[in-house]
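Printed here is final_18.tsv (TSV, C-alpha atoms):
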```
chain	number	residue	atom	x	y	z
W	997	MET	CA	108.67	-7.55	241.86
W	998	ILE	CA	108.11	-10.17	244.57
W	999	LYS	CA	104.69	-10.68	246.08
W	1000	VAL	CA	104.94	-10.94	249.87
W	1001	ILE	CA	101.98	-12.36	251.79
W	1002	PHE	CA	101.64	-12.24	255.57
W	1003	LEU	CA	99.65	-15.41	256.17
W	1004	ARG	CA	98.22	-14.53	259.59
W	1005	ASP	CA	97.03	-11.04	258.69
W	1006	LYS	CA	96.19	-12.03	255.10
W	1007	LYS	CA	97.93	-8.84	253.98
W	1008	SER	CA	100.10	-8.66	250.90
W	1009	LEU	CA	102.47	-6.23	249.22
W	1010	GLU	CA	104.96	-6.11	246.38
W	1011	ILE	CA	108.64	-5.46	246.86
W	1012	GLU	CA	111.95	-5.52	244.96
W	1013	ALA	CA	114.38	-7.98	246.57
W	1014	GLU	CA	117.09	-10.41	245.47
W	1015	ASN	CA	116.72	-12.80	248.38
W	1016	VAL	CA	114.58	-13.53	251.45
W	1017	SER	CA	116.99	-11.74	253.78
W	1018	GLU	CA	116.56	-8.55	251.80
W	1019	VAL	CA	112.77	-8.79	252.19
W	1020	PHE	CA	113.21	-9.14	255.97
W	1021	SER	CA	115.55	-6.21	256.14
W	1022	LYS	CA	113.49	-3.93	253.87
W	1023	LEU	CA	110.35	-4.65	255.91
W	1024	SER	CA	112.24	-4.44	259.27
W	1025	LEU	CA	111.29	-8.01	260.19
W	1026	LEU	CA	113.27	-10.32	262.47
W	1027	LYS	CA	114.31	-13.74	261.14
W	1028	GLU	CA	113.11	-15.31	264.38
W	1029	GLU	CA	109.57	-14.05	263.80
W	1030	TYR	CA	108.69	-15.69	260.48
W	1031	VAL	CA	109.13	-18.86	258.46
W	1032	ALA	CA	109.54	-18.02	254.77
W	1033	ILE	CA	107.66	-20.06	252.17
W	1034	LYS	CA	108.63	-19.41	248.52
W	1035	ASN	CA	106.14	-20.59	245.91
W	1036	GLY	CA	104.76	-23.12	248.41
W	1037	LYS	CA	108.10	-24.46	249.72
W	1038	ILE	CA	109.79	-23.62	253.03
W	1039	VAL	CA	113.09	-21.84	252.35
W	1040	CYS	CA	116.10	-20.41	254.20
W	1041	GLU	CA	116.69	-16.69	254.57
W	1042	ASP	CA	119.48	-16.65	251.97
W	1043	GLU	CA	117.22	-18.16	249.30
W	1044	SER	CA	117.34	-16.08	246.12
W	1045	LEU	CA	114.19	-14.57	244.68
W	1046	SER	CA	113.20	-13.82	241.10
W	1047	LYS	CA	110.58	-11.65	239.46
W	1048	GLY	CA	107.13	-13.21	239.87
W	1049	ASP	CA	107.97	-15.25	242.99
W	1050	THR	CA	105.46	-15.36	245.84
W	1051	LEU	CA	106.88	-15.29	249.35
W	1052	GLU	CA	104.52	-16.24	252.16
W	1053	LEU	CA	105.50	-15.34	255.70
W	1054	PHE	CA	104.24	-17.66	258.42
W	1055	THR	CA	104.24	-16.04	261.88
W	1056	VAL	CA	106.21	-18.11	264.38
W	1057	ALA	CA	104.54	-16.89	267.57
W	1058	SER	CA	101.06	-18.19	268.24
W	1059	GLY	CA	98.77	-19.03	271.14
W	1060	GLY	CA	99.02	-17.12	274.40
T	728	MET	CA	120.92	-23.17	249.28
T	729	LYS	CA	121.65	-26.89	249.55
T	730	CYS	CA	121.48	-29.28	252.52
T	731	SER	CA	124.90	-29.69	254.19
T	732	ARG	CA	124.36	-33.46	254.16
T	733	CYS	CA	122.75	-34.43	250.84
T	734	ARG	CA	122.73	-31.36	248.56
T	735	LYS	CA	118.91	-31.30	248.28
T	736	ASP	CA	117.26	-27.89	248.60
T	737	ALA	CA	117.58	-26.63	252.16
T	738	ILE	CA	114.54	-25.55	254.16
T	739	TYR	CA	116.42	-24.40	257.27
T	740	PHE	CA	119.73	-22.83	258.16
T	741	GLN	CA	120.66	-23.48	261.78
T	742	ARG	CA	122.67	-20.41	262.68
T	743	GLN	CA	124.24	-21.83	265.84
T	744	SER	CA	125.71	-24.88	264.04
T	745	GLY	CA	126.19	-23.36	260.57
T	746	GLN	CA	124.30	-26.36	259.06
T	747	TYR	CA	121.77	-26.29	256.24
T	748	TYR	CA	119.00	-28.91	256.41
T	749	CYS	CA	116.69	-30.28	253.71
T	750	GLY	CA	113.22	-31.44	254.86
T	751	ASP	CA	114.31	-35.06	255.44
T	752	HIS	CA	117.51	-34.23	257.31
T	753	PHE	CA	115.76	-31.56	259.35
T	754	ASN	CA	113.24	-34.21	260.46
T	755	THR	CA	115.98	-36.69	261.31
T	756	HIS	CA	117.93	-34.08	263.29
T	757	PHE	CA	114.81	-32.89	265.15
T	758	ILE	CA	113.55	-36.36	266.09
T	759	LYS	CA	117.03	-37.52	267.15
T	760	LYS	CA	117.43	-34.48	269.39
T	761	PHE	CA	114.01	-35.16	270.95
T	762	MET	CA	114.72	-38.85	271.59
T	763	ARG	CA	118.18	-38.07	273.00
T	764	GLY	CA	116.73	-35.42	275.34
T	765	VAL	CA	114.03	-37.76	276.68
T	766	ARG	CA	116.60	-40.54	277.19
T	767	GLU	CA	119.33	-38.43	278.79
T	768	GLU	CA	116.96	-36.59	281.12
T	769	GLN	CA	115.03	-39.83	281.80
T	770	LEU	CA	111.82	-37.91	281.23
T	771	ILE	CA	109.62	-40.94	280.54
T	772	LYS	CA	110.27	-44.41	281.87
T	773	LYS	CA	109.00	-47.73	280.54
T	774	ASN	CA	105.34	-48.47	281.36
T	775	GLU	CA	104.72	-45.03	282.86
T	776	LYS	CA	101.42	-43.26	282.25
T	777	VAL	CA	101.90	-39.84	280.72
T	778	ALA	CA	99.35	-37.06	280.34
T	779	VAL	CA	100.10	-34.68	277.49
T	780	ALA	CA	98.59	-31.20	277.59
T	781	VAL	CA	97.34	-30.34	274.11
T	782	SER	CA	96.08	-26.93	273.07
T	783	GLY	CA	95.98	-27.46	269.31
T	784	GLY	CA	98.92	-25.12	268.66
T	785	LYS	CA	102.15	-26.22	266.96
T	786	ASP	CA	104.08	-26.94	270.19
T	787	SER	CA	101.66	-29.34	271.85
T	788	ILE	CA	100.70	-30.99	268.55
T	789	THR	CA	104.40	-31.56	267.75
T	790	LEU	CA	104.90	-32.93	271.26
T	791	ALA	CA	101.98	-35.38	270.91
T	792	TYR	CA	103.31	-36.49	267.50
T	793	LEU	CA	106.81	-37.10	268.89
T	794	LEU	CA	105.53	-38.92	271.98
T	795	LYS	CA	103.56	-41.20	269.68
T	796	LYS	CA	106.82	-41.92	267.84
T	797	LEU	CA	108.52	-42.58	271.19
T	798	GLN	CA	105.83	-45.16	271.99
T	799	GLN	CA	107.11	-47.17	269.02
T	800	ARG	CA	110.47	-47.48	270.82
T	801	TYR	CA	109.29	-48.59	274.27
T	802	PRO	CA	105.93	-49.06	275.97
T	803	PHE	CA	104.26	-46.32	277.99
T	804	GLN	CA	100.67	-45.13	278.20
T	805	MET	CA	99.57	-41.71	277.01
T	806	GLU	CA	96.37	-39.67	277.33
T	807	ALA	CA	95.87	-36.12	276.14
T	808	ILE	CA	94.18	-33.40	278.17
T	809	ILE	CA	92.67	-30.41	276.38
T	810	ILE	CA	91.61	-27.36	278.37
T	811	ASP	CA	88.78	-25.24	276.99
T	812	GLU	CA	89.11	-21.89	278.75
T	813	GLY	CA	86.17	-20.38	276.91
T	814	ILE	CA	87.81	-17.77	274.69
T	815	SER	CA	85.40	-16.90	271.92
T	816	GLY	CA	86.68	-16.78	268.37
T	817	TYR	CA	89.92	-18.52	269.36
T	818	ARG	CA	89.63	-21.67	271.43
T	819	ASN	CA	87.09	-23.30	269.10
T	820	LEU	CA	89.68	-23.19	266.27
T	821	THR	CA	92.48	-24.70	268.35
T	822	LEU	CA	90.11	-27.31	269.81
T	823	ASP	CA	89.14	-28.48	266.33
T	824	ALA	CA	92.81	-28.78	265.34
T	825	ALA	CA	93.67	-30.65	268.56
T	826	LYS	CA	90.83	-33.14	268.16
T	827	ALA	CA	91.59	-33.76	264.47
T	828	GLN	CA	95.31	-34.39	264.98
T	829	LEU	CA	94.87	-36.49	268.14
T	830	GLU	CA	92.29	-38.67	266.40
T	831	MET	CA	94.67	-39.12	263.49
T	832	LEU	CA	97.44	-40.13	265.92
T	833	GLU	CA	94.99	-42.40	267.79
T	834	ILE	CA	95.66	-40.69	271.11
T	835	SER	CA	92.66	-40.64	273.45
T	836	TYR	CA	91.81	-37.25	274.93
T	837	HIS	CA	89.78	-35.60	277.67
T	838	ILE	CA	88.38	-32.08	277.40
T	839	GLU	CA	88.12	-30.07	280.61
T	840	SER	CA	86.36	-26.74	280.35
T	841	PHE	CA	86.40	-23.70	282.64
T	842	LYS	CA	82.65	-23.51	282.10
T	843	ASP	CA	82.02	-27.05	283.42
T	844	CYS	CA	84.60	-26.92	286.21
T	845	PHE	CA	84.29	-23.32	287.41
T	846	ASP	CA	80.89	-22.38	285.96
T	847	ARG	CA	82.51	-19.43	284.12
T	848	THR	CA	84.48	-18.91	280.92
T	849	LEU	CA	87.74	-16.93	280.78
T	850	ASP	CA	85.87	-14.29	278.76
T	851	SER	CA	83.39	-13.80	281.61
T	852	PHE	CA	86.14	-13.71	284.25
T	853	GLU	CA	88.07	-10.94	282.60
T	854	LYS	CA	85.43	-8.81	280.91
T	855	ASN	CA	86.66	-5.64	282.61
T	856	ASN	CA	90.23	-6.64	283.30
T	857	LYS	CA	91.79	-8.00	280.12
T	858	GLU	CA	95.34	-7.26	281.36
T	859	ASN	CA	94.83	-9.93	284.00
T	860	ALA	CA	93.55	-12.63	281.64
T	861	CYS	CA	96.86	-14.44	281.10
T	862	SER	CA	97.60	-14.88	284.78
T	863	THR	CA	94.03	-16.04	285.56
T	864	CYS	CA	94.12	-18.40	282.60
T	865	GLY	CA	97.57	-19.76	283.55
T	866	VAL	CA	96.61	-20.48	287.17
T	867	LEU	CA	93.29	-22.16	286.35
T	868	ARG	CA	94.67	-24.10	283.37
T	869	ARG	CA	97.57	-25.51	285.44
T	870	TYR	CA	95.11	-26.32	288.25
T	871	LEU	CA	92.87	-28.34	285.90
T	872	LEU	CA	95.76	-30.03	284.07
T	873	ASN	CA	97.30	-31.21	287.34
T	874	LYS	CA	93.95	-32.34	288.77
T	875	LYS	CA	92.96	-34.26	285.65
T	876	ALA	CA	96.40	-35.86	285.22
T	877	ARG	CA	96.22	-37.04	288.84
T	878	GLU	CA	92.68	-38.40	288.37
T	879	LEU	CA	93.94	-40.34	285.34
T	880	SER	CA	96.73	-41.80	287.54
T	881	CYS	CA	99.40	-40.27	285.33
T	882	THR	CA	102.89	-40.03	286.76
T	883	LYS	CA	104.04	-37.33	284.31
T	884	LEU	CA	102.39	-34.29	282.77
T	885	ALA	CA	104.09	-33.32	279.50
T	886	THR	CA	103.70	-29.78	278.16
T	887	GLY	CA	104.89	-28.25	274.89
T	888	HIS	CA	106.93	-25.35	276.32
T	889	ASN	CA	109.74	-24.44	273.94
T	890	LEU	CA	113.06	-22.62	274.30
T	891	ASP	CA	111.48	-19.24	273.55
T	892	ASP	CA	108.75	-19.75	276.19
T	893	GLU	CA	111.28	-20.81	278.79
T	894	GLY	CA	113.68	-17.94	278.11
T	895	GLN	CA	110.80	-15.44	278.23
T	896	SER	CA	109.64	-16.85	281.59
T	897	VAL	CA	113.15	-16.58	283.08
T	898	ILE	CA	113.31	-12.89	282.15
T	899	MET	CA	109.71	-12.13	283.13
T	900	ASN	CA	110.04	-13.71	286.57
T	901	LEU	CA	113.22	-11.79	287.19
T	902	MET	CA	111.72	-8.52	285.96
T	903	ARG	CA	108.75	-9.00	288.28
T	904	GLY	CA	111.08	-9.80	291.17
T	905	ASP	CA	109.17	-13.06	291.58
T	906	ILE	CA	112.05	-15.02	293.09
T	907	ILE	CA	109.92	-18.02	294.09
T	908	ARG	CA	108.77	-18.57	290.49
T	909	PHE	CA	112.27	-17.76	289.22
T	910	SER	CA	113.69	-20.44	291.51
T	911	ARG	CA	111.26	-23.21	290.55
T	912	GLY	CA	112.51	-25.84	288.19
T	913	GLN	CA	110.45	-28.41	286.39
T	914	ASN	CA	111.11	-30.94	289.18
T	915	TYR	CA	109.83	-28.50	291.77
T	916	TYR	CA	106.24	-29.71	291.53
T	917	LYS	CA	107.11	-33.30	292.26
T	918	LYS	CA	109.53	-32.37	294.99
T	919	ILE	CA	107.30	-30.39	297.30
T	920	SER	CA	103.94	-32.12	297.12
T	921	ASP	CA	102.68	-35.59	296.25
T	922	LYS	CA	99.58	-33.93	294.83
T	923	PHE	CA	101.58	-32.38	292.00
T	924	VAL	CA	102.01	-34.60	288.99
T	925	GLU	CA	105.62	-34.21	287.83
T	926	ARG	CA	105.79	-31.88	284.85
T	927	ILE	CA	108.09	-32.54	281.94
T	928	LYS	CA	108.91	-30.22	279.04
T	929	PRO	CA	110.59	-32.33	276.35
T	930	LEU	CA	110.69	-29.39	273.87
T	931	ARG	CA	112.30	-26.83	276.19
T	932	TYR	CA	115.55	-26.80	274.21
T	933	PHE	CA	113.83	-26.44	270.81
T	934	LEU	CA	113.55	-23.01	269.21
T	935	GLU	CA	109.97	-22.00	268.50
T	936	LYS	CA	110.85	-21.37	264.85
T	937	GLU	CA	112.25	-24.91	264.48
T	938	ILE	CA	109.00	-26.32	265.92
T	939	VAL	CA	106.94	-24.37	263.37
T	940	ILE	CA	109.15	-25.69	260.56
T	941	PHE	CA	108.84	-29.25	261.89
T	942	ALA	CA	105.04	-28.98	262.13
T	943	LEU	CA	104.74	-27.51	258.62
T	944	ASN	CA	107.26	-29.96	257.15
T	945	ASN	CA	105.30	-32.91	258.57
T	946	LYS	CA	101.93	-31.42	257.60
T	947	LEU	CA	100.68	-31.65	261.17
T	948	ILE	CA	97.22	-30.26	261.86
T	949	PHE	CA	97.59	-27.24	264.15
T	950	ASP	CA	96.09	-23.82	264.61
T	951	SER	CA	98.44	-20.86	264.35
T	952	SER	CA	96.22	-18.06	265.56
T	953	GLU	CA	97.11	-15.82	268.46
T	954	CYS	CA	95.05	-15.70	271.64
T	955	PRO	CA	93.08	-12.41	271.71
T	956	TYR	CA	94.37	-11.76	275.24
T	957	ALA	CA	98.05	-12.10	274.21
T	958	VAL	CA	98.27	-8.41	273.27
T	959	TYR	CA	97.71	-7.45	276.90
T	960	ALA	CA	100.53	-9.64	278.22
T	961	MET	CA	104.08	-8.64	279.14
T	962	ARG	CA	105.33	-11.73	277.31
T	963	GLY	CA	104.96	-10.08	273.89
T	964	GLU	CA	107.45	-7.35	274.76
T	965	VAL	CA	109.92	-9.83	276.25
T	966	ARG	CA	109.54	-12.05	273.17
T	967	LYS	CA	110.40	-9.13	270.91
T	968	PHE	CA	113.48	-8.30	272.97
T	969	LEU	CA	114.73	-11.91	272.92
T	970	ASP	CA	114.05	-12.26	269.17
T	971	ARG	CA	116.04	-9.08	268.55
T	972	MET	CA	118.93	-10.37	270.67
T	973	GLU	CA	118.87	-13.76	268.91
T	974	ASP	CA	118.94	-11.98	265.57
T	975	LEU	CA	122.00	-9.98	266.63
T	976	ARG	CA	123.70	-12.76	268.59
T	977	PRO	CA	122.59	-16.27	267.56
T	978	THR	CA	122.47	-18.74	270.51
T	979	THR	CA	121.31	-16.03	272.96
T	980	LYS	CA	118.23	-18.11	273.80
T	981	TYR	CA	120.25	-21.30	274.36
T	982	SER	CA	122.78	-19.47	276.51
T	983	LEU	CA	120.05	-17.87	278.61
T	984	LEU	CA	118.32	-21.17	279.38
T	985	SER	CA	121.44	-23.28	279.87
T	986	GLY	CA	122.90	-20.62	282.18
T	987	TYR	CA	119.65	-20.56	284.13
T	988	ASP	CA	119.60	-24.37	284.36
T	989	LYS	CA	123.10	-24.29	285.88
T	990	ILE	CA	122.10	-21.99	288.74
T	991	LEU	CA	118.69	-23.64	289.28
T	992	PRO	CA	119.80	-26.27	291.85
T	993	THR	CA	121.28	-23.49	294.01
T	994	LEU	CA	118.16	-21.33	293.62
T	995	ASN	CA	116.05	-24.35	294.58
T	996	LYS	CA	118.01	-24.85	297.79
T	997	CYS	CA	117.87	-21.16	298.74
T	998	PHE	CA	114.28	-20.23	297.96
T	999	ILE	CA	112.03	-23.27	297.63
T	1000	PRO	CA	110.49	-24.87	300.73
T	1001	GLU	CA	110.88	-28.62	301.15
T	1002	SER	CA	107.15	-29.19	301.38
T	1003	ILE	CA	103.94	-27.20	301.19
T	1004	GLY	CA	100.46	-27.49	302.66
T	1005	ALA	CA	97.02	-28.04	301.21
T	1006	CYS	CA	94.46	-25.40	300.26
T	1007	LYS	CA	91.85	-24.98	303.02
T	1008	VAL	CA	89.09	-24.79	300.40
T	1009	CYS	CA	89.88	-27.37	297.72
T	1010	GLY	CA	92.73	-29.43	299.18
T	1011	GLU	CA	95.06	-28.75	296.26
T	1012	PRO	CA	98.70	-27.97	297.13
T	1013	THR	CA	99.60	-24.37	297.93
T	1014	MET	CA	102.16	-22.26	299.79
T	1015	ASP	CA	99.39	-20.09	301.25
T	1016	GLY	CA	96.33	-21.13	303.21
T	1017	VAL	CA	94.15	-20.77	300.12
T	1018	CYS	CA	95.44	-21.62	296.65
T	1019	MET	CA	95.56	-19.10	293.80
T	1020	GLY	CA	92.82	-20.99	291.93
T	1021	CYS	CA	90.37	-20.61	294.82
T	1022	LYS	CA	91.40	-16.96	295.32
T	1023	ILE	CA	90.61	-16.22	291.67
T	1024	LEU	CA	87.31	-18.06	291.98
T	1025	GLY	CA	86.48	-15.99	295.07
T	1026	LYS	CA	86.15	-19.02	297.36
```
Please rewrite the model in this file as C-alpha cells.
Amino acid sequence: MIKVIFLRDKKSLEIEAENVSEVFSKLSLLKEEYVAIKNGKIVCEDESLSKGDTLELFTVASGG
Amino acid sequence: MKCSRCRKDAIYFQRQSGQYYCGDHFNTHFIKKFMRGVREEQLIKKNEKVAVAVSGGKDSITLAYLLKKLQQRYPFQMEAIIIDEGISGYRNLTLDAAKAQLEMLEISYHIESFKDCFDRTLDSFEKNNKENACSTCGVLRRYLLNKKARELSCTKLATGHNLDDEGQSVIMNLMRGDIIRFSRGQNYYKKISDKFVERIKPLRYFLEKEIVIFALNNKLIFDSSECPYAVYAMRGEVRKFLDRMEDLRPTTKYSLLSGYDKILPTLNKCFIPESIGACKVCGEPTMDGVCMGCKILGK
C-alpha cells in the first residue's frame, strides 16, 4: 500500500498503485493540478511506487 | 525516470517537448527561458526602475527571485509592492512569506493596505456579497499597485501572471462578452494614458505547475494557501476546464495564449481607444467619468 497525503487539506489515504500516474487515475486527479513528492523528493508522473512509499500531493493552484 | 540530459533522477517531464529534467537541468532550462523572454520582449531596459508586485505566493516570489538574478546581468533598480487587502486568515500568511523571502533577497518593499488607503478591508467590503469579492479586490489592488509604482517613479510594473492565469483570463473575458478587456494587451496601459505604469508579465508563458516545481526545487519561501474568496469566482471553473483540456491535449494552454497574442494587435486597433480621460474624483485614468475604484468606494 502507498500512503497518499494531500498537503493542502492535510488529508491522507492508502492506495494500491504501481506508479504515480496510477494514483492520479484511481483518484480521478488531473496531472496539471498536483506536483507529486515521493518520500520527500519531487517526481514525475511515471515514477514507480513500492509498498511503504509516501506520496505527497502539492496543490498547484493557490492564491485568488 | 532519468533526466534526458544527465541521467540523474528526473523531477519533471515536460509533455510538450518530451524532455525529462533533473532538478539542476530544470533550473537551467527555467532560468534560460526567463532571461530569453525578458531579452527578446525587451521587458526591462538597463537602468530602468521596476516595481514588482509581490503577494507571497509562488508566482510573485519566483518572479522576484528571477528579477534579482537578472540584476546580476545588467543594472536596473527594483522595489517590491505588497498589497494587504485585509483578508482574515489568509493575507497574514502570504504577507509573512513575502516579507521573509524579500528580506532574504535584499529587495526593499512597501506595504499598501486597503485599510490605510480606503479605510476598509476587503472582508468589510464584501460581507454580504462574497461573489463580488474578486472583482472588487482586482480593481482596488490594480489601482493601488499602479499608484504606488508611479509614486516610486517606476517605469515598469512587473506581475507574476503565469500561462494558466492568462489563458483563464482570455476565456473568461470572452465568456463574459467583455470585448474591451479581451482586446487589451499588456502594452495597453502604457499606450492610452501616461498615468498608467507599463505592466510586464515575464512569467506569462510559464505553466503554473512548472512555477510550483521551480519554487519548491529552489526552496523559495512562499505561501500556497488559497484565498477564501476564490471558491466564489468563475476562474475556478475555467481553470478546471483548461486543466482537463491540457491533460487530454498537452500544449492547449500554449496554443490558446499564442493564438490570442497573434490576434491581439488587430483587437487593439478595433476596440481600444487611443487615449482615455481622468477620473473626475481621483484623477486616475478611466474610460468613464468616474473610475471603477471610486465607484466601488462609493465616491
Residues of chain T within 6 Å of chain W, using all atoms listed in the file, as a list in words?
->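 The complete set of qualifying residues is Ile738, Tyr739, Phe740, Lys936, Ser951, Ser952, Glu953, Cys954, Ala957 and Asp970 of chain T.
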Please dump the current selection as a PDB file, in the coordinates of the input; keep C-alpha atoms.
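Writing the result to again25.pdb gives the following:
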```pdb
ATOM      1  CA  ILE T 738     114.540 -25.550 254.160  1.00  0.00           C
ATOM      2  CA  TYR T 739     116.420 -24.400 257.270  1.00  0.00           C
ATOM      3  CA  PHE T 740     119.730 -22.830 258.160  1.00  0.00           C
ATOM      4  CA  LYS T 936     110.850 -21.370 264.850  1.00  0.00           C
ATOM      5  CA  SER T 951      98.440 -20.860 264.350  1.00  0.00           C
ATOM      6  CA  SER T 952      96.220 -18.060 265.560  1.00  0.00           C
ATOM      7  CA  GLU T 953      97.110 -15.820 268.460  1.00  0.00           C
ATOM      8  CA  CYS T 954      95.050 -15.700 271.640  1.00  0.00           C
ATOM      9  CA  ALA T 957      98.050 -12.100 274.210  1.00  0.00           C
ATOM     10  CA  ASP T 970     114.050 -12.260 269.170  1.00  0.00           C
TER      11      ASP T 970
END
```
Of the listed residues T:Met762, T:Ile948, T:Met972, T:Ala876, that which approaches T:Ala827 most closely, counting only C-alpha atoms =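 When distances to T:Ala827 are compared using only C-alpha atoms, the smallest one comes from T:Ile948.
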Give me the residues within 12 Å of W:Leu1023 as an mmCIF file with C-alpha atoms, in the frame of the given file, counting only C-alpha atoms and dropping any in the same chain fewer than 3 places off.
```
data_model
loop_
_atom_site.group_PDB
_atom_site.id
_atom_site.type_symbol
_atom_site.label_atom_id
_atom_site.label_comp_id
_atom_site.auth_asym_id
_atom_site.auth_seq_id
_atom_site.Cartn_x
_atom_site.Cartn_y
_atom_site.Cartn_z
ATOM 1 C CA VAL W 1000 104.940 -10.940 249.870
ATOM 2 C CA PHE W 1002 101.640 -12.240 255.570
ATOM 3 C CA LEU W 1009 102.470 -6.230 249.220
ATOM 4 C CA GLU W 1010 104.960 -6.110 246.380
ATOM 5 C CA ILE W 1011 108.640 -5.460 246.860
ATOM 6 C CA GLU W 1012 111.950 -5.520 244.960
ATOM 7 C CA ALA W 1013 114.380 -7.980 246.570
ATOM 8 C CA VAL W 1016 114.580 -13.530 251.450
ATOM 9 C CA SER W 1017 116.990 -11.740 253.780
ATOM 10 C CA GLU W 1018 116.560 -8.550 251.800
ATOM 11 C CA VAL W 1019 112.770 -8.790 252.190
ATOM 12 C CA PHE W 1020 113.210 -9.140 255.970
ATOM 13 C CA LEU W 1026 113.270 -10.320 262.470
ATOM 14 C CA LYS W 1027 114.310 -13.740 261.140
ATOM 15 C CA LEU W 1053 105.500 -15.340 255.700
#
```
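Distance annotation: of T:Ile758, T:Cys881, T:Ala825, T:Ile810, the residue with the minimal separation from T:Leu797 is T:Ile758; atom set is only C-alpha atoms.
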Residues near T:Tyr792, anyone? I mean within 9 Å using only C-alpha atoms, not counting same-chain ones fewer than 3 positions away, as a PDB file with C-alpha atoms, keeping the file's coordinate frame.
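Final output, saved to around08.pdb:
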```
ATOM      1  CA  SER T 787     101.660 -29.340 271.850  1.00  0.00           C
ATOM      2  CA  ILE T 788     100.700 -30.990 268.550  1.00  0.00           C
ATOM      3  CA  THR T 789     104.400 -31.560 267.750  1.00  0.00           C
ATOM      4  CA  LYS T 795     103.560 -41.200 269.680  1.00  0.00           C
ATOM      5  CA  LYS T 796     106.820 -41.920 267.840  1.00  0.00           C
ATOM      6  CA  LEU T 797     108.520 -42.580 271.190  1.00  0.00           C
ATOM      7  CA  GLN T 828      95.310 -34.390 264.980  1.00  0.00           C
ATOM      8  CA  LEU T 829      94.870 -36.490 268.140  1.00  0.00           C
ATOM      9  CA  LEU T 832      97.440 -40.130 265.920  1.00  0.00           C
ATOM     10  CA  LEU T 947     100.680 -31.650 261.170  1.00  0.00           C
TER      11      LEU T 947
END
```
